[in-house]
file model-v2.cif (mmCIF, C-alpha atoms; chains and numbers go by the auth columns)
data_coords
loop_
_atom_site.group_PDB
_atom_site.id
_atom_site.type_symbol
_atom_site.label_atom_id
_atom_site.label_comp_id
_atom_site.label_asym_id
_atom_site.label_seq_id
_atom_site.Cartn_x
_atom_site.Cartn_y
_atom_site.Cartn_z
_atom_site.B_iso_or_equiv
_atom_site.auth_seq_id
_atom_site.auth_asym_id
ATOM 1 C CA THR A 1 -9.301 42.940 40.136 0.00 1 K
ATOM 2 C CA ASP A 2 -6.533 42.362 42.704 0.00 2 K
ATOM 3 C CA VAL A 3 -4.985 39.705 40.429 0.00 3 K
ATOM 4 C CA VAL A 4 -5.062 41.980 37.404 0.00 4 K
ATOM 5 C CA GLN A 5 -3.630 44.819 39.460 0.00 5 K
ATOM 6 C CA SER A 6 -0.678 42.699 40.616 0.00 6 K
ATOM 7 C CA VAL A 7 0.056 41.487 37.079 0.00 7 K
ATOM 8 C CA CYS A 8 -0.040 45.010 35.660 0.00 8 K
ATOM 9 C CA THR A 9 1.989 46.717 38.372 0.00 9 K
ATOM 10 C CA THR A 10 4.800 44.258 39.152 0.00 10 K
ATOM 11 C CA ILE A 11 7.712 43.422 36.882 0.00 11 K
ATOM 12 C CA SER A 12 7.392 39.688 37.513 0.00 12 K
ATOM 13 C CA GLY A 13 3.669 39.862 36.632 0.00 13 K
ATOM 14 C CA LYS A 14 4.448 41.725 33.410 0.00 14 K
ATOM 15 C CA LEU A 15 7.151 39.199 32.440 0.00 15 K
ATOM 16 C CA LEU A 16 4.810 36.334 33.241 0.00 16 K
ATOM 17 C CA PHE A 17 2.087 37.925 31.080 0.00 17 K
ATOM 18 C CA VAL A 18 4.512 38.448 28.179 0.00 18 K
ATOM 19 C CA ALA A 19 5.701 34.822 28.437 0.00 19 K
ATOM 20 C CA PHE A 20 2.095 33.626 28.469 0.00 20 K
ATOM 21 C CA MET A 21 1.230 35.653 25.357 0.00 21 K
ATOM 22 C CA VAL A 22 4.317 34.425 23.480 0.00 22 K
ATOM 23 C CA LEU A 23 3.596 30.766 24.315 0.00 23 K
ATOM 24 C CA ALA A 24 -0.115 31.058 23.546 0.00 24 K
ATOM 25 C CA ASN A 25 0.572 32.717 20.188 0.00 25 K
ATOM 26 C CA TRP A 26 3.242 30.133 19.391 0.00 26 K
ATOM 27 C CA ALA A 27 0.801 27.294 20.159 0.00 27 K
ATOM 28 C CA ILE A 28 -1.935 28.833 18.011 0.00 28 K
ATOM 29 C CA LEU A 29 0.537 29.387 15.166 0.00 29 K
ATOM 30 C CA ALA A 30 1.714 25.757 15.402 0.00 30 K
ATOM 31 C CA ILE A 31 -1.871 24.499 15.215 0.00 31 K
ATOM 32 C CA LEU A 32 -2.691 26.713 12.233 0.00 32 K
ATOM 33 C CA THR A 33 0.488 25.625 10.451 0.00 33 K
ATOM 34 C CA SER A 34 -0.413 22.002 11.049 0.00 34 K
ATOM 35 C CA VAL A 35 -3.920 22.455 9.635 0.00 35 K
ATOM 36 C CA VAL A 36 -2.671 24.321 6.563 0.00 36 K
ATOM 37 C CA SER A 37 0.055 21.734 5.928 0.00 37 K
ATOM 38 C CA ASP A 38 -2.434 18.888 6.239 0.00 38 K
ATOM 39 C CA ASN A 39 -4.786 20.566 3.760 0.00 39 K
ATOM 40 C CA MET A 40 -1.941 21.188 1.312 0.00 40 K
ATOM 41 C CA ILE A 41 -0.806 17.558 1.527 0.00 41 K
ATOM 42 C CA ALA A 42 -4.367 16.327 0.972 0.00 42 K
ATOM 43 C CA ALA A 43 -4.858 18.653 -2.011 0.00 43 K
ATOM 44 C CA SER A 44 -1.550 17.704 -3.615 0.00 44 K
ATOM 45 C CA SER A 45 -2.194 13.979 -3.181 0.00 45 K
ATOM 46 C CA LYS A 46 -5.632 14.436 -4.765 0.00 46 K
ATOM 47 C CA VAL A 47 -4.052 16.227 -7.728 0.00 47 K
ATOM 48 C CA LEU A 48 -1.458 13.454 -8.070 0.00 48 K
ATOM 49 C CA GLU A 49 -4.193 10.817 -7.954 0.00 49 K
ATOM 50 C CA GLU A 50 -6.160 12.643 -10.663 0.00 50 K
ATOM 51 C CA GLU A 51 -3.033 12.907 -12.828 0.00 51 K
ATOM 52 C CA GLU A 52 -2.342 9.191 -12.406 0.00 52 K
ATOM 53 C CA CYS A 53 -5.926 8.431 -13.389 0.00 53 K
ATOM 54 C CA LYS A 54 -5.591 10.605 -16.511 0.00 54 K
ATOM 55 C CA ASP A 55 -2.272 8.939 -17.359 0.00 55 K
ATOM 56 C CA ARG A 56 -3.841 5.482 -17.001 0.00 56 K
ATOM 57 C CA ALA A 57 -6.736 6.537 -19.252 0.00 57 K
ATOM 58 C CA ARG A 58 -4.304 7.905 -21.877 0.00 58 K
ATOM 59 C CA SER A 59 -2.191 4.777 -21.652 0.00 59 K
ATOM 60 C CA HIS A 60 -5.281 2.592 -22.009 0.00 60 K
ATOM 61 C CA ALA A 61 -6.482 4.516 -25.065 0.00 61 K
ATOM 62 C CA LEU A 62 -3.027 4.277 -26.636 0.00 62 K
ATOM 63 C CA LYS A 63 -2.829 0.546 -25.930 0.00 63 K
ATOM 64 C CA VAL A 64 -6.283 -0.094 -27.430 0.00 64 K
ATOM 65 C CA SER A 65 -5.412 2.016 -30.473 0.00 65 K
ATOM 66 C CA ARG A 66 -2.151 0.159 -30.932 0.00 66 K
ATOM 67 C CA LEU A 67 -3.851 -3.243 -30.591 0.00 67 K
ATOM 68 C CA ARG A 68 -6.564 -2.287 -33.069 0.00 68 K
ATOM 69 C CA ALA A 69 -3.943 -1.186 -35.578 0.00 69 K
ATOM 70 C CA LEU A 70 -2.058 -4.450 -35.128 0.00 70 K
ATOM 71 C CA PHE A 71 -5.198 -6.532 -35.528 0.00 71 K
ATOM 72 C CA LYS A 72 -6.099 -4.603 -38.672 0.00 72 K
ATOM 73 C CA GLU A 73 -2.706 -5.558 -40.028 0.00 73 K
ATOM 74 C CA ILE A 74 -3.151 -9.209 -38.983 0.00 74 K
ATOM 75 C CA ASP A 75 -6.677 -9.374 -40.440 0.00 75 K
ATOM 76 C CA THR A 76 -5.537 -9.392 -44.045 0.00 76 K
ATOM 77 C CA ASP A 77 -8.943 -10.274 -45.519 0.00 77 K
ATOM 78 C CA ARG A 78 -10.600 -7.416 -43.560 0.00 78 K
ATOM 79 C CA SER A 79 -13.317 -9.726 -42.217 0.00 79 K
ATOM 80 C CA GLY A 80 -13.176 -8.243 -38.723 0.00 80 K
ATOM 81 C CA ALA A 81 -12.027 -11.614 -37.379 0.00 81 K
ATOM 82 C CA ILE A 82 -8.708 -13.416 -37.343 0.00 82 K
ATOM 83 C CA SER A 83 -8.592 -16.783 -39.073 0.00 83 K
ATOM 84 C CA HIS A 84 -6.193 -19.553 -38.122 0.00 84 K
ATOM 85 C CA GLN A 85 -4.241 -18.885 -41.296 0.00 85 K
ATOM 86 C CA GLU A 86 -3.936 -15.174 -40.497 0.00 86 K
ATOM 87 C CA TRP A 87 -2.867 -16.046 -36.957 0.00 87 K
ATOM 88 C CA ASN A 88 -0.248 -18.522 -38.160 0.00 88 K
ATOM 89 C CA ASP A 89 1.026 -15.984 -40.698 0.00 89 K
ATOM 90 C CA MET A 90 1.381 -13.451 -37.880 0.00 90 K
ATOM 91 C CA LEU A 91 3.309 -15.981 -35.781 0.00 91 K
ATOM 92 C CA GLN A 92 5.776 -16.395 -38.673 0.00 92 K
ATOM 93 C CA ASP A 93 6.301 -12.620 -38.965 0.00 93 K
ATOM 94 C CA LYS A 94 8.820 -11.950 -36.180 0.00 94 K
ATOM 95 C CA GLY A 95 8.380 -8.180 -36.290 0.00 95 K
ATOM 96 C CA LEU A 96 4.598 -8.297 -36.094 0.00 96 K
ATOM 97 C CA LEU A 97 4.727 -10.971 -33.383 0.00 97 K
ATOM 98 C CA HIS A 98 7.164 -8.905 -31.330 0.00 98 K
ATOM 99 C CA GLU A 99 5.006 -5.801 -31.752 0.00 99 K
ATOM 100 C CA LEU A 100 1.864 -7.694 -30.657 0.00 100 K
ATOM 101 C CA CYS A 101 3.635 -9.242 -27.672 0.00 101 K
ATOM 102 C CA ASP A 102 4.860 -5.807 -26.651 0.00 102 K
ATOM 103 C CA ALA A 103 1.475 -4.104 -27.114 0.00 103 K
ATOM 104 C CA ALA A 104 -0.391 -6.862 -25.277 0.00 104 K
ATOM 105 C CA ALA A 105 2.248 -7.287 -22.556 0.00 105 K
ATOM 106 C CA LEU A 106 2.054 -11.041 -23.174 0.00 106 K
ATOM 107 C CA ASP A 107 4.549 -13.553 -24.486 0.00 107 K
ATOM 108 C CA ARG A 108 4.044 -15.746 -27.547 0.00 108 K
ATOM 109 C CA ARG A 109 2.809 -18.725 -25.532 0.00 109 K
ATOM 110 C CA ASP A 110 0.173 -16.634 -23.737 0.00 110 K
ATOM 111 C CA LEU A 111 -0.986 -15.093 -27.017 0.00 111 K
ATOM 112 C CA GLN A 112 -1.311 -18.544 -28.567 0.00 112 K
ATOM 113 C CA GLU A 113 -3.239 -19.808 -25.540 0.00 113 K
ATOM 114 C CA LEU A 114 -5.577 -16.825 -25.706 0.00 114 K
ATOM 115 C CA PHE A 115 -6.169 -17.336 -29.415 0.00 115 K
ATOM 116 C CA ASN A 116 -6.843 -21.039 -28.838 0.00 116 K
ATOM 117 C CA CYS A 117 -9.405 -20.165 -26.165 0.00 117 K
ATOM 118 C CA LEU A 118 -11.195 -17.723 -28.442 0.00 118 K
ATOM 119 C CA ALA A 119 -10.965 -19.812 -31.611 0.00 119 K
ATOM 120 C CA VAL A 120 -13.142 -22.583 -30.197 0.00 120 K
ATOM 121 C CA GLU A 121 -13.566 -24.849 -33.219 0.00 121 K
ATOM 122 C CA PRO A 122 -10.728 -24.706 -35.758 0.00 122 K
ATOM 123 C CA LYS A 123 -12.532 -27.214 -38.013 0.00 123 K
ATOM 124 C CA LYS A 124 -15.550 -24.922 -38.276 0.00 124 K
ATOM 125 C CA ASN A 125 -13.204 -22.030 -39.095 0.00 125 K
ATOM 126 C CA HIS A 126 -14.405 -20.044 -36.097 0.00 126 K
ATOM 127 C CA ARG A 127 -12.765 -16.634 -36.051 0.00 127 K
ATOM 128 C CA PRO A 128 -12.670 -14.556 -32.899 0.00 128 K
ATOM 129 C CA PRO A 129 -13.592 -10.946 -33.676 0.00 129 K
ATOM 130 C CA THR A 130 -10.757 -8.502 -33.142 0.00 130 K
ATOM 131 C CA SER A 131 -12.937 -6.668 -30.617 0.00 131 K
ATOM 132 C CA TYR A 132 -12.390 -9.579 -28.202 0.00 132 K
ATOM 133 C CA PHE A 133 -8.769 -8.578 -27.994 0.00 133 K
ATOM 134 C CA THR A 134 -9.200 -4.834 -27.627 0.00 134 K
ATOM 135 C CA GLU A 135 -12.075 -4.562 -25.147 0.00 135 K
ATOM 136 C CA ASP A 136 -12.156 -4.895 -21.365 0.00 136 K
ATOM 137 C CA GLU A 137 -9.689 -2.327 -20.046 0.00 137 K
ATOM 138 C CA GLY A 138 -7.289 -2.756 -22.953 0.00 138 K
ATOM 139 C CA ASP A 139 -6.071 -6.155 -21.769 0.00 139 K
ATOM 140 C CA LEU A 140 -6.057 -9.142 -24.053 0.00 140 K
ATOM 141 C CA THR A 141 -8.782 -10.981 -22.218 0.00 141 K
ATOM 142 C CA ALA A 142 -11.840 -12.755 -23.468 0.00 142 K
ATOM 143 C CA ARG A 143 -15.282 -11.667 -22.421 0.00 143 K
#
call {"tool": "encode", "arguments": {"input": "model-v2.cif", "output": "structure tokens"}}
result
Amino acid sequence: TDVVQSVCTTISGKLLFVAFMVLANWAILAILTSVVSDNMIAASSKVLEEEECKDRARSHALKVSRLRALFKEIDTDRSGAISHQEWNDMLQDKGLLHELCDAAALDRRDLQELFNCLAVEPKKNHRPPTSYFTEDEGDLTAR
């Protein structure tokens, strides 16, 4: 009680007590601000990540839809597969070729290589189904 008495009765004790309270409150406020800021940053980065995921899903769906529409246009006999003749006709159509290259994010050489890989036996008139091109994350990859 002697310590409390000296702090309460002397001016230097009172000033020391006020300084202690100000510093202690400032420290607690700094800690709380840090915790709140950290939580806000974590929440906002989670929201951004979710938005990016939704954007990727929308982009994927759009890409698959676009590729399916292009392959419907290429598949002139509506067989559900692209013949060598249909493929060669598409290669001659500059607009359709450009559109397919753009939608697939591949150049002409890569598209031709992919078609050659999927169309195993040209003599047997093997036709890769259009689903080979539009599955697997929207990329033009074979299964």
call {"tool": "atom_distance", "arguments": {"input": "model-v2.cif", "atom1": "atom CA of K:Gly95", "atom2": "atom CA of K:Arg56"}}
result
26.6 Å
call {"tool": "atom_distance", "arguments": {"input": "model-v2.cif", "atom1": "atom CA of K:Asp75", "atom2": "atom CA of K:Asn88"}}
result
11.4 Å
call {"tool": "atom_distance", "arguments": {"input": "model-v2.cif", "atom1": "atom CA of K:Ala104", "atom2": "atom CA of K:Leu70"}}
result
10.3 Å
call {"tool": "closest_residue", "arguments": {"input": "model-v2.cif", "among": "K:Val47, K:Ala19, K:Leu111, K:Ala103", "to": "K:Arg68", "atoms": "only C-alpha atoms"}}
result
K:Ala103
call {"tool": "resolve_selection", "arguments": {"input": "model-v2.cif", "expression": "the PyMOL selection byres ((chain K and resi 74) around 9)", "output": "PDB file with C-alpha atoms, in the frame of the given file"}}
result
ATOM      1  CA  ALA K  69      -3.943  -1.186 -35.578  1.00  0.00           C
ATOM      2  CA  LEU K  70      -2.058  -4.450 -35.128  1.00  0.00           C
ATOM      3  CA  PHE K  71      -5.198  -6.532 -35.528  1.00  0.00           C
ATOM      4  CA  LYS K  72      -6.099  -4.603 -38.672  1.00  0.00           C
ATOM      5  CA  GLU K  73      -2.706  -5.558 -40.028  1.00  0.00           C
ATOM      6  CA  ASP K  75      -6.677  -9.374 -40.440  1.00  0.00           C
ATOM      7  CA  THR K  76      -5.537  -9.392 -44.045  1.00  0.00           C
ATOM      8  CA  ASP K  77      -8.943 -10.274 -45.519  1.00  0.00           C
ATOM      9  CA  ARG K  78     -10.600  -7.416 -43.560  1.00  0.00           C
ATOM     10  CA  ILE K  82      -8.708 -13.416 -37.343  1.00  0.00           C
ATOM     11  CA  GLU K  86      -3.936 -15.174 -40.497  1.00  0.00           C
ATOM     12  CA  TRP K  87      -2.867 -16.046 -36.957  1.00  0.00           C
ATOM     13  CA  ASP K  89       1.026 -15.984 -40.698  1.00  0.00           C
ATOM     14  CA  MET K  90       1.381 -13.451 -37.880  1.00  0.00           C
ATOM     15  CA  LEU K  96       4.598  -8.297 -36.094  1.00  0.00           C
TER      16      LEU K  96
END
call {"tool": "axis_aligned_box", "arguments": {"input": "model-v2.cif", "around": "stretch 52-68 of chain K", "padding_each_side": "6 Å", "output": "lines of an AutoDock Vina configuration file"}}
result
center_x = -4.4
center_y = 3.7
center_z = -22.7
size_x = 16.6
size_y = 25.8
size_z = 32.7
call {"tool": "closest_residue", "arguments": {"input": "model-v2.cif", "among": "K:Gln112, K:Val7, K:Ala105, K:Glu51", "to": "K:Phe20", "atoms": "only C-alpha atoms"}}
result
K:Val7
